[in-house]
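Novice: Sending over my_file.cif (mmCIF, C-alpha atoms and all ligand atoms).
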data_work
loop_
_atom_site.label_atom_id
_atom_site.label_comp_id
_atom_site.auth_asym_id
_atom_site.auth_seq_id
_atom_site.Cartn_x
_atom_site.Cartn_y
_atom_site.Cartn_z
CA MET A 1 126.14 -169.00 19.09
CA THR A 2 125.39 -166.75 16.10
CA ASP A 3 122.37 -167.42 13.89
CA GLU A 4 124.67 -168.61 11.13
CA THR A 5 126.57 -170.98 13.42
CA SER A 6 123.37 -172.54 14.69
CA PHE A 7 121.94 -172.74 11.15
CA ARG A 8 125.12 -174.55 10.07
CA ALA A 9 124.91 -177.00 12.96
CA GLU A 10 121.20 -177.71 12.35
CA THR A 11 121.76 -178.10 8.62
CA ARG A 12 124.65 -180.50 9.10
CA ALA A 13 122.62 -182.61 11.52
CA TRP A 14 119.64 -182.65 9.17
CA LEU A 15 121.78 -183.66 6.18
CA GLU A 16 123.49 -186.38 8.22
CA ALA A 17 120.08 -187.76 9.18
CA ASN A 18 118.36 -187.40 5.79
CA CYS A 19 120.94 -187.90 3.04
CA PRO A 20 121.28 -191.66 2.45
CA PRO A 21 124.91 -192.86 2.15
CA ALA A 22 124.31 -193.87 -1.50
CA MET A 23 123.48 -190.23 -2.29
CA ARG A 24 126.85 -189.13 -0.88
CA GLU A 25 128.75 -190.90 -3.66
CA PRO A 26 129.51 -188.79 -6.73
CA ALA A 27 127.21 -189.42 -9.69
CA THR A 28 129.21 -191.06 -12.48
CA ALA A 29 127.36 -189.39 -15.36
CA LEU A 30 124.69 -186.77 -16.04
CA ASP A 31 122.11 -189.48 -16.70
CA ASP A 32 122.80 -190.91 -13.24
CA ALA A 33 120.73 -188.09 -11.76
CA TYR A 34 117.07 -187.40 -11.08
CA TRP A 35 115.54 -185.03 -13.65
CA GLY A 36 111.89 -185.07 -12.53
CA GLY A 37 109.01 -184.61 -14.98
CA ARG A 38 105.73 -186.30 -15.85
CA ASN A 39 107.43 -189.55 -16.86
CA SER A 40 110.13 -189.52 -14.21
CA ARG A 41 111.40 -192.65 -12.55
CA PHE A 42 113.77 -192.86 -9.62
CA ALA A 43 116.91 -194.91 -10.18
CA SER A 44 116.85 -196.18 -6.59
CA PRO A 45 114.80 -195.92 -3.37
CA GLU A 46 117.63 -193.80 -1.89
CA GLN A 47 117.36 -191.32 -4.76
CA GLN A 48 113.62 -191.01 -4.14
CA GLN A 49 114.07 -190.65 -0.37
CA TRP A 50 116.70 -187.92 -0.84
CA PHE A 51 114.65 -186.02 -3.42
CA GLU A 52 111.48 -186.14 -1.32
CA ALA A 53 113.25 -185.02 1.86
CA MET A 54 114.86 -182.04 0.09
CA ALA A 55 111.70 -181.11 -1.86
CA ALA A 56 109.61 -181.14 1.34
CA ARG A 57 111.87 -178.40 2.78
CA GLY A 58 111.93 -176.40 -0.46
CA TRP A 59 115.66 -177.15 -0.62
CA THR A 60 115.67 -178.17 -4.27
CA VAL A 61 115.62 -174.36 -4.68
CA PRO A 62 116.78 -173.17 -1.25
CA ASP A 63 117.03 -169.46 -2.06
CA TRP A 64 113.68 -169.08 -3.85
CA PRO A 65 110.90 -167.44 -1.82
CA LYS A 66 108.66 -169.82 0.14
CA GLU A 67 105.52 -168.60 -1.63
CA TYR A 68 106.97 -169.94 -4.91
CA GLY A 69 107.92 -173.34 -3.48
CA GLY A 70 111.44 -172.45 -2.40
CA GLY A 71 113.20 -172.75 0.95
CA GLY A 72 113.19 -169.01 1.64
CA LEU A 73 116.84 -169.08 2.73
CA SER A 74 118.99 -165.96 2.73
CA PRO A 75 122.07 -165.86 0.44
CA GLU A 76 124.27 -166.63 3.49
CA GLN A 77 122.13 -169.60 4.55
CA THR A 78 122.08 -170.91 0.98
CA LYS A 79 125.86 -170.75 0.90
CA ILE A 80 126.07 -172.64 4.20
CA LEU A 81 123.70 -175.32 2.88
CA ARG A 82 125.85 -175.69 -0.25
CA GLN A 83 129.02 -175.90 1.82
CA GLU A 84 127.56 -178.50 4.15
CA MET A 85 126.25 -180.56 1.23
CA ALA A 86 129.69 -180.39 -0.37
CA ALA A 87 131.39 -181.39 2.89
CA LEU A 88 129.24 -184.54 3.10
CA GLY A 89 129.40 -185.14 -0.66
CA CYS A 90 125.58 -184.91 -0.98
CA ARG A 91 124.35 -185.04 -4.56
CA SER A 92 122.04 -182.47 -6.02
CA PRO A 93 118.55 -183.97 -5.42
CA LEU A 94 117.14 -182.68 -8.71
CA HIS A 95 118.79 -181.82 -12.02
CA SER A 96 116.58 -179.37 -13.82
CA PHE A 97 116.72 -176.77 -16.59
CA GLY A 98 113.76 -175.28 -14.71
CA ILE A 99 115.92 -174.67 -11.64
CA TRP A 100 119.11 -173.62 -13.42
CA MET A 101 117.64 -171.49 -16.19
CA LEU A 102 113.90 -170.87 -16.43
CA GLY A 103 113.20 -170.31 -12.72
CA PRO A 104 115.64 -167.39 -12.30
CA ALA A 105 114.24 -165.79 -15.48
CA LEU A 106 110.65 -166.17 -14.23
CA LEU A 107 111.58 -164.71 -10.84
CA GLN A 108 112.98 -161.69 -12.65
CA PHE A 109 110.53 -161.22 -15.54
CA GLY A 110 107.43 -163.38 -14.87
CA THR A 111 104.03 -162.03 -13.87
CA GLU A 112 102.82 -162.88 -10.36
CA GLU A 113 100.46 -165.41 -11.89
CA GLN A 114 103.26 -167.07 -13.88
CA LYS A 115 105.48 -167.25 -10.80
CA ARG A 116 102.77 -168.86 -8.69
CA HIS A 117 101.92 -171.31 -11.45
CA TYR A 118 105.32 -172.44 -12.76
CA LEU A 119 107.83 -172.00 -9.93
CA PRO A 120 106.35 -174.47 -7.38
CA GLU A 121 106.12 -177.08 -10.18
CA ILE A 122 109.80 -176.54 -10.93
CA ALA A 123 110.73 -176.78 -7.24
CA GLN A 124 108.85 -180.07 -6.94
CA GLY A 125 110.30 -181.51 -10.16
CA LYS A 126 106.84 -181.97 -11.67
CA ILE A 127 107.62 -180.68 -15.16
CA ARG A 128 110.81 -181.36 -17.11
CA TRP A 129 111.80 -178.41 -19.29
CA CYS A 130 113.93 -178.10 -22.41
CA GLN A 131 115.49 -175.06 -24.03
CA GLY A 132 114.51 -174.02 -27.56
CA TYR A 133 117.13 -171.44 -28.45
CA SER A 134 119.46 -172.74 -31.21
CA GLU A 135 118.33 -173.17 -34.79
CA PRO A 136 120.12 -174.35 -37.92
CA GLY A 137 121.95 -171.12 -38.83
CA ALA A 138 121.31 -169.40 -35.48
CA GLY A 139 123.59 -170.66 -32.69
CA SER A 140 126.27 -168.10 -31.85
CA ASP A 141 124.28 -165.61 -33.90
CA LEU A 142 121.21 -166.42 -31.82
CA ALA A 143 119.42 -163.18 -32.65
CA GLY A 144 119.21 -164.41 -36.26
CA LEU A 145 116.59 -167.00 -35.27
CA GLN A 146 113.71 -167.59 -37.67
CA THR A 147 111.11 -169.69 -35.81
CA ARG A 148 108.09 -167.42 -35.92
CA ALA A 149 105.07 -166.90 -33.72
CA GLU A 150 102.15 -165.12 -35.37
CA ASP A 151 99.60 -163.30 -33.28
CA MET A 152 96.28 -164.95 -34.14
CA GLY A 153 94.25 -162.78 -31.79
CA ASP A 154 93.45 -165.35 -29.11
CA HIS A 155 96.68 -167.41 -29.44
CA TRP A 156 100.17 -167.55 -30.95
CA LEU A 157 100.79 -169.80 -33.97
CA VAL A 158 104.34 -171.18 -33.92
CA ASN A 159 106.18 -172.56 -36.96
CA GLY A 160 109.86 -173.39 -37.38
CA GLN A 161 112.71 -175.61 -36.30
CA LYS A 162 115.15 -175.78 -33.38
CA VAL A 163 118.30 -177.89 -33.15
CA TRP A 164 120.54 -179.32 -30.40
CA THR A 165 117.53 -179.20 -28.06
CA SER A 166 118.91 -181.20 -25.12
CA TYR A 167 116.48 -183.92 -23.93
CA ALA A 168 113.63 -182.49 -26.04
CA ASP A 169 112.26 -186.02 -26.47
CA LYS A 170 112.09 -186.43 -22.68
CA ALA A 171 110.87 -182.95 -21.79
CA ASP A 172 107.30 -181.97 -20.88
CA TRP A 173 107.52 -178.25 -21.71
CA ILE A 174 109.84 -175.95 -23.64
CA PHE A 175 111.04 -172.40 -23.06
CA CYS A 176 111.40 -171.16 -26.58
CA LEU A 177 112.63 -168.09 -28.42
CA VAL A 178 110.41 -167.07 -31.31
CA ARG A 179 110.35 -164.25 -33.82
CA THR A 180 107.31 -162.01 -33.39
CA ASP A 181 108.62 -159.18 -35.58
CA PRO A 182 110.61 -160.04 -38.71
CA THR A 183 111.64 -156.43 -39.39
CA THR A 184 114.24 -156.09 -36.60
CA LYS A 185 116.75 -158.55 -35.12
CA GLN A 186 117.08 -158.51 -31.29
CA GLY A 187 113.99 -156.29 -31.00
CA GLY A 188 111.68 -158.80 -32.70
CA ILE A 189 112.10 -161.81 -30.40
CA SER A 190 109.68 -163.09 -27.74
CA PHE A 191 110.05 -165.72 -25.01
CA LEU A 192 107.31 -168.37 -25.04
CA LEU A 193 106.51 -171.34 -22.82
CA PHE A 194 104.56 -174.27 -24.16
CA ASP A 195 103.70 -177.91 -23.67
CA MET A 196 105.72 -180.35 -25.79
CA ALA A 197 102.56 -182.48 -26.02
CA SER A 198 100.85 -179.69 -28.04
CA THR A 199 99.63 -180.70 -31.48
CA GLY A 200 102.31 -179.91 -34.12
CA VAL A 201 105.42 -180.41 -31.91
CA SER A 202 107.74 -183.24 -32.94
CA THR A 203 111.27 -184.25 -32.01
CA LYS A 204 113.94 -186.26 -33.78
CA PRO A 205 116.85 -187.45 -31.61
CA ILE A 206 120.34 -186.85 -33.06
CA LEU A 207 122.35 -190.05 -32.71
CA LEU A 208 125.94 -189.45 -31.60
CA ILE A 209 129.05 -191.53 -32.19
CA SER A 210 128.85 -192.61 -28.53
CA GLY A 211 125.56 -194.35 -29.29
CA SER A 212 123.51 -191.98 -27.15
CA SER A 213 121.17 -189.22 -28.28
CA PRO A 214 121.18 -186.45 -25.69
CA PHE A 215 119.75 -183.88 -28.06
CA CYS A 216 117.18 -183.49 -30.80
CA GLU A 217 115.99 -181.61 -33.78
CA THR A 218 112.66 -180.08 -32.73
CA PHE A 219 109.95 -179.12 -35.19
CA PHE A 220 106.94 -176.84 -34.78
CA ASP A 221 104.13 -177.11 -37.29
CA ASN A 222 101.23 -174.74 -36.60
CA VAL A 223 101.55 -175.07 -32.82
CA LYS A 224 98.86 -173.11 -30.95
CA VAL A 225 100.15 -171.40 -27.80
CA PRO A 226 97.87 -169.53 -25.35
CA LYS A 227 98.58 -165.80 -25.21
CA ASP A 228 99.41 -165.74 -21.49
CA GLN A 229 102.37 -168.12 -21.93
CA ILE A 230 104.69 -165.34 -23.02
CA VAL A 231 107.30 -164.18 -20.47
CA GLY A 232 108.11 -160.46 -20.52
CA ALA A 233 106.59 -158.15 -23.08
CA VAL A 234 106.07 -159.04 -26.75
CA ASN A 235 109.32 -158.36 -28.70
CA GLN A 236 111.26 -157.99 -25.43
CA GLY A 237 112.30 -161.65 -25.22
CA TRP A 238 115.96 -160.93 -25.97
CA THR A 239 116.39 -159.39 -22.53
CA VAL A 240 114.85 -162.47 -20.88
CA ALA A 241 116.95 -164.76 -23.12
CA LYS A 242 120.22 -163.01 -22.20
CA TYR A 243 119.42 -163.08 -18.48
CA LEU A 244 118.67 -166.80 -18.72
CA LEU A 245 121.93 -167.40 -20.64
CA GLY A 246 123.87 -165.82 -17.77
CA HIS A 247 122.40 -168.47 -15.45
CA GLU A 248 123.03 -171.24 -17.98
CA ARG A 249 126.68 -170.21 -18.25
CA GLU A 250 127.04 -170.15 -14.51
CA MET A 251 125.58 -173.67 -14.35
CA ILE A 252 127.90 -175.01 -17.08
CA SER A 253 130.90 -173.40 -15.39
CA SER A 254 130.37 -175.57 -12.34
CA MET A 255 130.15 -178.88 -14.24
CA GLY A 256 132.43 -181.37 -12.58
CA PHE A 257 132.64 -179.27 -9.42
CA GLY A 258 129.10 -179.92 -8.20
CA THR A 259 129.73 -181.60 -4.89
CA GLY A 260 132.39 -183.05 -2.71
CA ASP A 261 136.13 -182.88 -2.74
CA PRO A 262 137.56 -180.86 -5.67
CA SER A 263 140.92 -182.64 -5.33
CA LEU A 264 141.63 -184.70 -8.44
CA GLY A 265 144.80 -186.02 -6.79
CA ARG A 266 142.86 -187.58 -3.92
CA GLN A 267 140.26 -188.98 -6.32
CA LEU A 268 142.90 -190.58 -8.58
CA VAL A 269 144.76 -192.14 -5.67
CA ALA A 270 141.51 -193.57 -4.31
CA ASP A 271 140.52 -194.98 -7.73
CA LEU A 272 143.87 -196.10 -9.14
CA GLY A 273 146.36 -196.13 -6.27
CA ALA A 274 149.44 -193.90 -5.94
CA PHE A 275 150.92 -192.89 -9.29
CA GLU A 276 154.63 -192.29 -9.76
CA ASP A 277 154.94 -190.29 -13.01
CA PRO A 278 156.44 -186.96 -11.80
CA VAL A 279 155.07 -184.94 -14.73
CA LEU A 280 151.55 -186.24 -14.16
CA ARG A 281 151.85 -185.61 -10.42
CA ALA A 282 152.89 -182.01 -11.09
CA GLN A 283 150.04 -181.50 -13.57
CA VAL A 284 147.50 -182.92 -11.12
CA ALA A 285 148.84 -180.71 -8.32
CA LEU A 286 148.59 -177.66 -10.59
CA HIS A 287 145.04 -178.64 -11.52
CA ASP A 288 144.07 -178.95 -7.87
CA VAL A 289 145.44 -175.52 -7.03
CA ASP A 290 143.55 -174.03 -9.97
CA ALA A 291 140.39 -175.90 -8.92
CA LEU A 292 140.60 -174.36 -5.44
CA ALA A 293 141.11 -170.91 -6.96
CA PHE A 294 138.15 -171.50 -9.29
CA ARG A 295 135.95 -172.52 -6.35
CA ALA A 296 136.91 -169.38 -4.47
CA MET A 297 136.23 -167.24 -7.56
CA SER A 298 132.86 -168.92 -8.13
CA GLU A 299 131.85 -168.32 -4.53
CA LYS A 300 132.80 -164.66 -4.78
CA PHE A 301 130.93 -164.28 -8.08
CA LEU A 302 127.83 -166.01 -6.71
CA ASP A 303 127.87 -163.76 -3.67
CA GLU A 304 128.11 -160.69 -5.88
CA LEU A 305 125.34 -161.99 -8.11
CA LYS A 306 123.01 -162.63 -5.15
CA HIS A 307 123.63 -159.10 -3.90
CA GLY A 308 123.05 -157.58 -7.35
CA ARG A 309 126.67 -156.46 -7.72
CA ALA A 310 127.79 -158.86 -10.46
CA HIS A 311 129.90 -157.51 -13.30
CA PRO A 312 128.15 -158.19 -16.63
CA ALA A 313 131.16 -160.23 -17.86
CA GLN A 314 131.10 -162.58 -14.85
CA PRO A 315 128.94 -165.42 -16.24
CA SER A 316 131.14 -165.56 -19.36
CA MET A 317 134.32 -165.48 -17.27
CA MET A 318 133.05 -168.29 -15.08
CA LYS A 319 131.87 -170.30 -18.04
CA TYR A 320 135.18 -169.98 -19.87
CA ALA A 321 137.36 -170.74 -16.82
CA GLY A 322 135.14 -173.59 -15.54
CA THR A 323 134.96 -175.18 -18.97
CA GLU A 324 138.73 -175.12 -19.47
CA LEU A 325 139.30 -176.54 -16.00
CA ASN A 326 136.80 -179.36 -16.48
CA LYS A 327 138.39 -180.30 -19.82
CA ARG A 328 141.84 -180.33 -18.20
CA LYS A 329 140.58 -182.50 -15.35
CA LEU A 330 139.19 -185.10 -17.76
CA GLU A 331 142.41 -185.05 -19.84
CA LEU A 332 144.35 -185.83 -16.66
CA GLU A 333 141.96 -188.63 -15.70
CA MET A 334 142.52 -190.14 -19.13
CA ALA A 335 146.30 -189.81 -18.79
CA ALA A 336 146.29 -191.34 -15.31
CA GLY A 337 144.14 -194.28 -16.44
CA GLY A 338 146.52 -195.26 -19.25
CA SER A 339 145.19 -197.85 -21.69
CA ASP A 340 142.41 -198.84 -19.23
CA ALA A 341 140.95 -195.37 -19.68
CA LEU A 342 140.44 -196.06 -23.39
CA GLU A 343 138.14 -198.99 -22.71
CA TRP A 344 134.55 -198.39 -23.62
CA GLU A 345 132.45 -201.16 -22.17
CA SER A 346 134.22 -203.45 -19.71
CA ALA A 347 133.46 -203.75 -16.01
CA ARG A 348 137.12 -202.88 -15.35
CA SER A 349 136.59 -199.45 -16.89
CA ASP A 350 133.20 -199.00 -15.17
CA GLY A 351 131.39 -199.00 -18.50
CA GLY A 352 133.75 -196.44 -20.01
CA THR A 353 132.81 -193.69 -17.56
CA VAL A 354 136.11 -191.85 -17.92
CA PRO A 355 136.30 -191.75 -21.74
CA ARG A 356 132.57 -190.94 -21.95
CA ASN A 357 132.96 -188.03 -19.52
CA TRP A 358 136.14 -186.93 -21.35
CA LEU A 359 134.31 -186.86 -24.69
CA ARG A 360 131.32 -185.10 -23.10
CA SER A 361 133.59 -182.41 -21.66
CA LYS A 362 134.54 -181.33 -25.20
CA ALA A 363 131.00 -180.03 -25.62
CA ASN A 364 131.37 -177.73 -22.58
CA SER A 365 133.13 -175.15 -24.72
CA ILE A 366 130.28 -175.19 -27.27
CA GLU A 367 127.03 -175.45 -25.26
CA GLY A 368 125.57 -172.28 -23.79
CA GLY A 369 127.68 -170.24 -26.24
CA THR A 370 131.14 -171.17 -27.52
CA SER A 371 134.40 -170.21 -25.81
CA GLU A 372 135.28 -167.83 -28.66
CA VAL A 373 131.98 -166.03 -28.16
CA GLN A 374 132.52 -165.87 -24.35
CA LEU A 375 135.98 -164.35 -24.90
CA GLY A 376 134.39 -161.81 -27.25
CA ILE A 377 131.78 -160.90 -24.60
CA ILE A 378 134.43 -160.59 -21.86
CA ALA A 379 136.63 -158.38 -24.05
CA LYS A 380 133.72 -156.12 -24.99
CA HIS A 381 132.69 -155.60 -21.35
CA ILE A 382 136.15 -155.19 -19.87
CA LEU A 383 137.48 -152.96 -22.65
CA ASN A 384 134.21 -151.07 -23.05
CA LEU A 385 134.11 -151.93 -26.72
CA PRO A 386 131.01 -151.18 -28.81
CA GLY A 387 128.20 -153.74 -28.44
CA ALA A 388 129.01 -154.53 -24.77
C1 LIG A 401 126.05 -180.55 -25.46
C2 LIG A 401 125.25 -179.44 -26.08
C3 LIG A 401 123.99 -179.18 -25.61
C4 LIG A 401 123.23 -178.15 -26.19
N1 LIG A 401 121.96 -177.97 -25.72
C5 LIG A 401 121.19 -177.01 -26.28
C6 LIG A 401 119.84 -176.84 -25.86
O1 LIG A 401 119.33 -177.54 -24.98
N2 LIG A 401 119.10 -175.88 -26.44
C7 LIG A 401 119.61 -175.07 -27.40
O2 LIG A 401 118.87 -174.19 -27.86
N3 LIG A 401 120.87 -175.21 -27.85
C8 LIG A 401 121.68 -176.17 -27.32
N4 LIG A 401 122.97 -176.36 -27.76
C9 LIG A 401 123.46 -175.54 -28.90
C10 LIG A 401 124.52 -174.53 -28.52
O3 LIG A 401 123.97 -173.48 -27.78
C11 LIG A 401 125.16 -174.04 -29.83
O4 LIG A 401 125.82 -175.17 -30.41
C12 LIG A 401 126.18 -172.94 -29.61
O5 LIG A 401 125.51 -171.76 -29.22
C13 LIG A 401 127.05 -172.67 -30.85
O6 LIG A 401 126.26 -172.42 -31.98
P1 LIG A 401 126.49 -173.21 -33.37
O7 LIG A 401 126.52 -174.69 -33.03
O8 LIG A 401 125.47 -172.72 -34.33
O9 LIG A 401 127.95 -172.82 -33.84
P2 LIG A 401 128.35 -171.59 -34.78
O10 LIG A 401 127.72 -170.36 -34.27
O11 LIG A 401 128.09 -171.98 -36.20
O12 LIG A 401 129.90 -171.51 -34.52
C14 LIG A 401 130.86 -172.27 -35.27
C15 LIG A 401 132.25 -171.76 -34.86
O13 LIG A 401 132.40 -170.36 -35.17
C16 LIG A 401 132.81 -169.64 -34.02
N5 LIG A 401 132.18 -168.32 -33.97
C17 LIG A 401 130.90 -168.02 -34.28
N6 LIG A 401 130.66 -166.70 -34.08
C18 LIG A 401 131.82 -166.16 -33.61
C19 LIG A 401 132.23 -164.86 -33.20
N7 LIG A 401 131.38 -163.83 -33.21
N8 LIG A 401 133.52 -164.69 -32.78
C20 LIG A 401 134.40 -165.73 -32.76
N9 LIG A 401 134.07 -166.99 -33.14
C21 LIG A 401 132.81 -167.20 -33.55
C22 LIG A 401 132.30 -170.49 -32.85
O14 LIG A 401 133.01 -170.24 -31.65
C23 LIG A 401 132.52 -171.90 -33.36
O15 LIG A 401 133.85 -172.32 -33.14
C24 LIG A 401 123.75 -177.36 -27.23
C25 LIG A 401 125.05 -177.62 -27.70
C26 LIG A 401 125.80 -178.65 -27.13
C27 LIG A 401 127.17 -178.91 -27.66
#
For this file, write the structure as structure tokens.
Ligand SMILES: Cc1cc2nc3c(=O)[nH]c(=O)nc-3n(C[C@H](O)[C@H](O)[C@H](O)COP(=O)(O)OP(=O)(O)OC[C@H]3O[C@@H](n4cnc5c(N)ncnc54)[C@H](O)[C@@H]3O)c2cc1C
Specialist:
Amino acid sequence: MTDETSFRAETRAWLEANCPPAMREPATALDDAYWGGRNSRFASPEQQQWFEAMAARGWTVPDWPKEYGGGGLSPEQTKILRQEMAALGCRSPLHSFGIWMLGPALLQFGTEEQKRHYLPEIAQGKIRWCQGYSEPGAGSDLAGLQTRAEDMGDHWLVNGQKVWTSYADKADWIFCLVRTDPTTKQGGISFLLFDMASTGVSTKPILLISGSSPFCETFFDNVKVPKDQIVGAVNQGWTVAKYLLGHEREMISSMGFGTGDPSLGRQLVADLGAFEDPVLRAQVALHDVDALAFRAMSEKFLDELKHGRAHPAQPSMMKYAGTELNKRKLELEMAAGGSDALEWESARSDGGTVPRNWLRSKANSIEGGTSEVQLGIIAKHILNLPGA
């Protein structure tokens, strides 16, 4: 038996023994997940059991080094773990901007002290992070951001406003882009970490038409930030920010494909029974073929990324393709559900899960950088245009 074969067998047996059946059902919405943090609460004893079992092995972040709270798995072992989790339908034990975005940036650019301080907390879900990038007037043109951090000798003094800060009102800490030099654009940005409980930080949830408020306006009024909470060098934050965005785009690209069976056809038949409409059947079949191709592409890209061979356009390609596929999938779910799928609140429509997910999917092509901007980045890299 090769090492990989025995690792696969051990992993499968461990997952079988430790992943409760309730955690092998797909989550119905993003909020139906464990996000960790100082004020976290588990939705069920099974969720807690699953999280604790995975966290104890460092498998919330299987490929991070053990000394930073990870599982210390090789890229191949991490892939096997993912495959085995998908085969059983195991949910991700912890949803976390720390895992998806900040952690990879800290591993790449953090000091040893920062890595030892922040990474184990992220792995254990102790701190919930939010992302302070966008500002009114600086979304796609992110380098135009105005929130400033002045060097006060022994600390930074932060003033300004962010917008669309997802879950800012629930987060414990923020990773935030600030202007430390107003005389240049990209070259005057720094990457700061600070506690959302600091004096001078306030958040105002933005109420959506759905009735929920997943994001906020975030205000900074003379916020004092210790000097050692900067990641990377002063005025070099753009490099950290871009690296992090690559990971964010990769994460968004896989929305809707997290775990389990990628076949929409099988899912629809299980939920609604066999459907006869030949056009819909053909569209679902086409979707399923594209979903398999997307999975294969993602796996190849992730392999290349882990081995440091990723093409710079890859995160944008994955984000664009994954976003389009997820939107198509939700359109088809709506079409298959007929008038039932338009219901918002009844038990029959499971509290409007399908239309809520359908509406949410529209934001996929905006968050993390719009589709138009991704296409621009891809074109620049592939065609070697200026600014790539
Ligand atoms: C669900 C969701 C969650 C989000 N969460 C966060 C978060 O946690 N933290 C955070 O900082 N931000 C967050 N955002 C903000 C997001 O990153 C921005 O909305 C996004 O970068 C677009 O910026 P903008 O809204 O300013 O649009 P604009 O930049 O004003 O764009 C408006 C339109 O112009 C087009 N456009 C702009 N520039 C170009 C160009 N060069 N070429 C072609 N077309 C162009 C865009 O594609 C778009 O269609 C979130 C957004 C959403 C929808």
Novice: Find the residues around Gln283 (chain A) up to 12 Å (only C-alpha atoms counted), leave out those fewer than 2 positions away in its own chain, and share them as a PyMOL selection string.
Specialist: chain A and resi 264-265+277-281+285-290+328-329+331-333+335-336
Novice: Ligand LIG 401 (chain A): which residues are within 8 Å, counting all atoms listed in the file? Reply as a JSON list (two decimals) with C-alpha atoms, in the coordinates of the input.
Specialist:
[["chain", "number", "residue", "atom", "x", "y", "z"],
["A", 130, "CYS", "CA", 113.93, -178.10, -22.41],
["A", 131, "GLN", "CA", 115.49, -175.06, -24.03],
["A", 132, "GLY", "CA", 114.51, -174.02, -27.56],
["A", 133, "TYR", "CA", 117.13, -171.44, -28.45],
["A", 134, "SER", "CA", 119.46, -172.74, -31.21],
["A", 135, "GLU", "CA", 118.33, -173.17, -34.79],
["A", 136, "PRO", "CA", 120.12, -174.35, -37.92],
["A", 137, "GLY", "CA", 121.95, -171.12, -38.83],
["A", 138, "ALA", "CA", 121.31, -169.40, -35.48],
["A", 139, "GLY", "CA", 123.59, -170.66, -32.69],
["A", 140, "SER", "CA", 126.27, -168.10, -31.85],
["A", 141, "ASP", "CA", 124.28, -165.61, -33.90],
["A", 142, "LEU", "CA", 121.21, -166.42, -31.82],
["A", 162, "LYS", "CA", 115.15, -175.78, -33.38],
["A", 163, "VAL", "CA", 118.30, -177.89, -33.15],
["A", 164, "TRP", "CA", 120.54, -179.32, -30.40],
["A", 165, "THR", "CA", 117.53, -179.20, -28.06],
["A", 166, "SER", "CA", 118.91, -181.20, -25.12],
["A", 167, "TYR", "CA", 116.48, -183.92, -23.93],
["A", 168, "ALA", "CA", 113.63, -182.49, -26.04],
["A", 214, "PRO", "CA", 121.18, -186.45, -25.69],
["A", 215, "PHE", "CA", 119.75, -183.88, -28.06],
["A", 360, "ARG", "CA", 131.32, -185.10, -23.10],
["A", 363, "ALA", "CA", 131.00, -180.03, -25.62],
["A", 364, "ASN", "CA", 131.37, -177.73, -22.58],
["A", 365, "SER", "CA", 133.13, -175.15, -24.72],
["A", 366, "ILE", "CA", 130.28, -175.19, -27.27],
["A", 367, "GLU", "CA", 127.03, -175.45, -25.26],
["A", 368, "GLY", "CA", 125.57, -172.28, -23.79],
["A", 369, "GLY", "CA", 127.68, -170.24, -26.24],
["A", 370, "THR", "CA", 131.14, -171.17, -27.52],
["A", 371, "SER", "CA", 134.40, -170.21, -25.81],
["A", 372, "GLU", "CA", 135.28, -167.83, -28.66],
["A", 373, "VAL", "CA", 131.98, -166.03, -28.16],
["A", 376, "GLY", "CA", 134.39, -161.81, -27.25]]
Novice: If you count only C-alpha atoms, which residues fall within 12 Å of Asp3 (chain A), apart from same-chain ones fewer than 6 positions away, as number ranges by chain?
Specialist: A: 9-11, 74, 76-77, 80
Novice: Can you measure CA of Lys327 (chain A) to CA of Ala33 (chain A) for me? One decimal in Å is fine.
Specialist: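 About the pair CA of Lys327 (chain A) and CA of Ala33 (chain A): they are 20.9 Å apart.
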Novice: Looking at only C-alpha atoms, which of A:Ser253, A:Gln114, A:Asn39, A:Thr60 is the one that sits closest to His95 (chain A)?
Specialist: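 Looking at the shortest contact to His95 (chain A), the residue is A:Thr60.
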Novice: Kindly output region 231-236 of chain A as a CSV table (one decimal), in the coordinates of the input, after building N, CA, C and O atoms.
Specialist:
chain,number,residue,atom,x,y,z
A,231,VAL,N,106.6,-164.8,-21.7
A,231,VAL,CA,107.3,-164.2,-20.5
A,231,VAL,C,107.9,-162.9,-20.9
A,231,VAL,O,108.7,-162.8,-21.9
A,232,GLY,N,107.6,-161.8,-20.1
A,232,GLY,CA,108.1,-160.5,-20.5
A,232,GLY,C,107.2,-159.9,-21.6
A,232,GLY,O,106.2,-160.6,-22.0
A,233,ALA,N,107.5,-158.7,-22.1
A,233,ALA,CA,106.6,-158.2,-23.1
A,233,ALA,C,106.9,-158.7,-24.5
A,233,ALA,O,108.0,-159.3,-24.7
A,234,VAL,N,105.9,-158.6,-25.4
A,234,VAL,CA,106.1,-159.0,-26.8
A,234,VAL,C,107.2,-158.2,-27.3
A,234,VAL,O,107.4,-157.0,-27.1
A,235,ASN,N,108.1,-158.9,-28.1
A,235,ASN,CA,109.3,-158.4,-28.7
A,235,ASN,C,110.4,-158.0,-27.7
A,235,ASN,O,111.4,-157.3,-28.1
A,236,GLN,N,110.2,-158.3,-26.4
A,236,GLN,CA,111.3,-158.0,-25.4
A,236,GLN,C,111.9,-159.3,-24.9
A,236,GLN,O,112.6,-159.3,-23.9
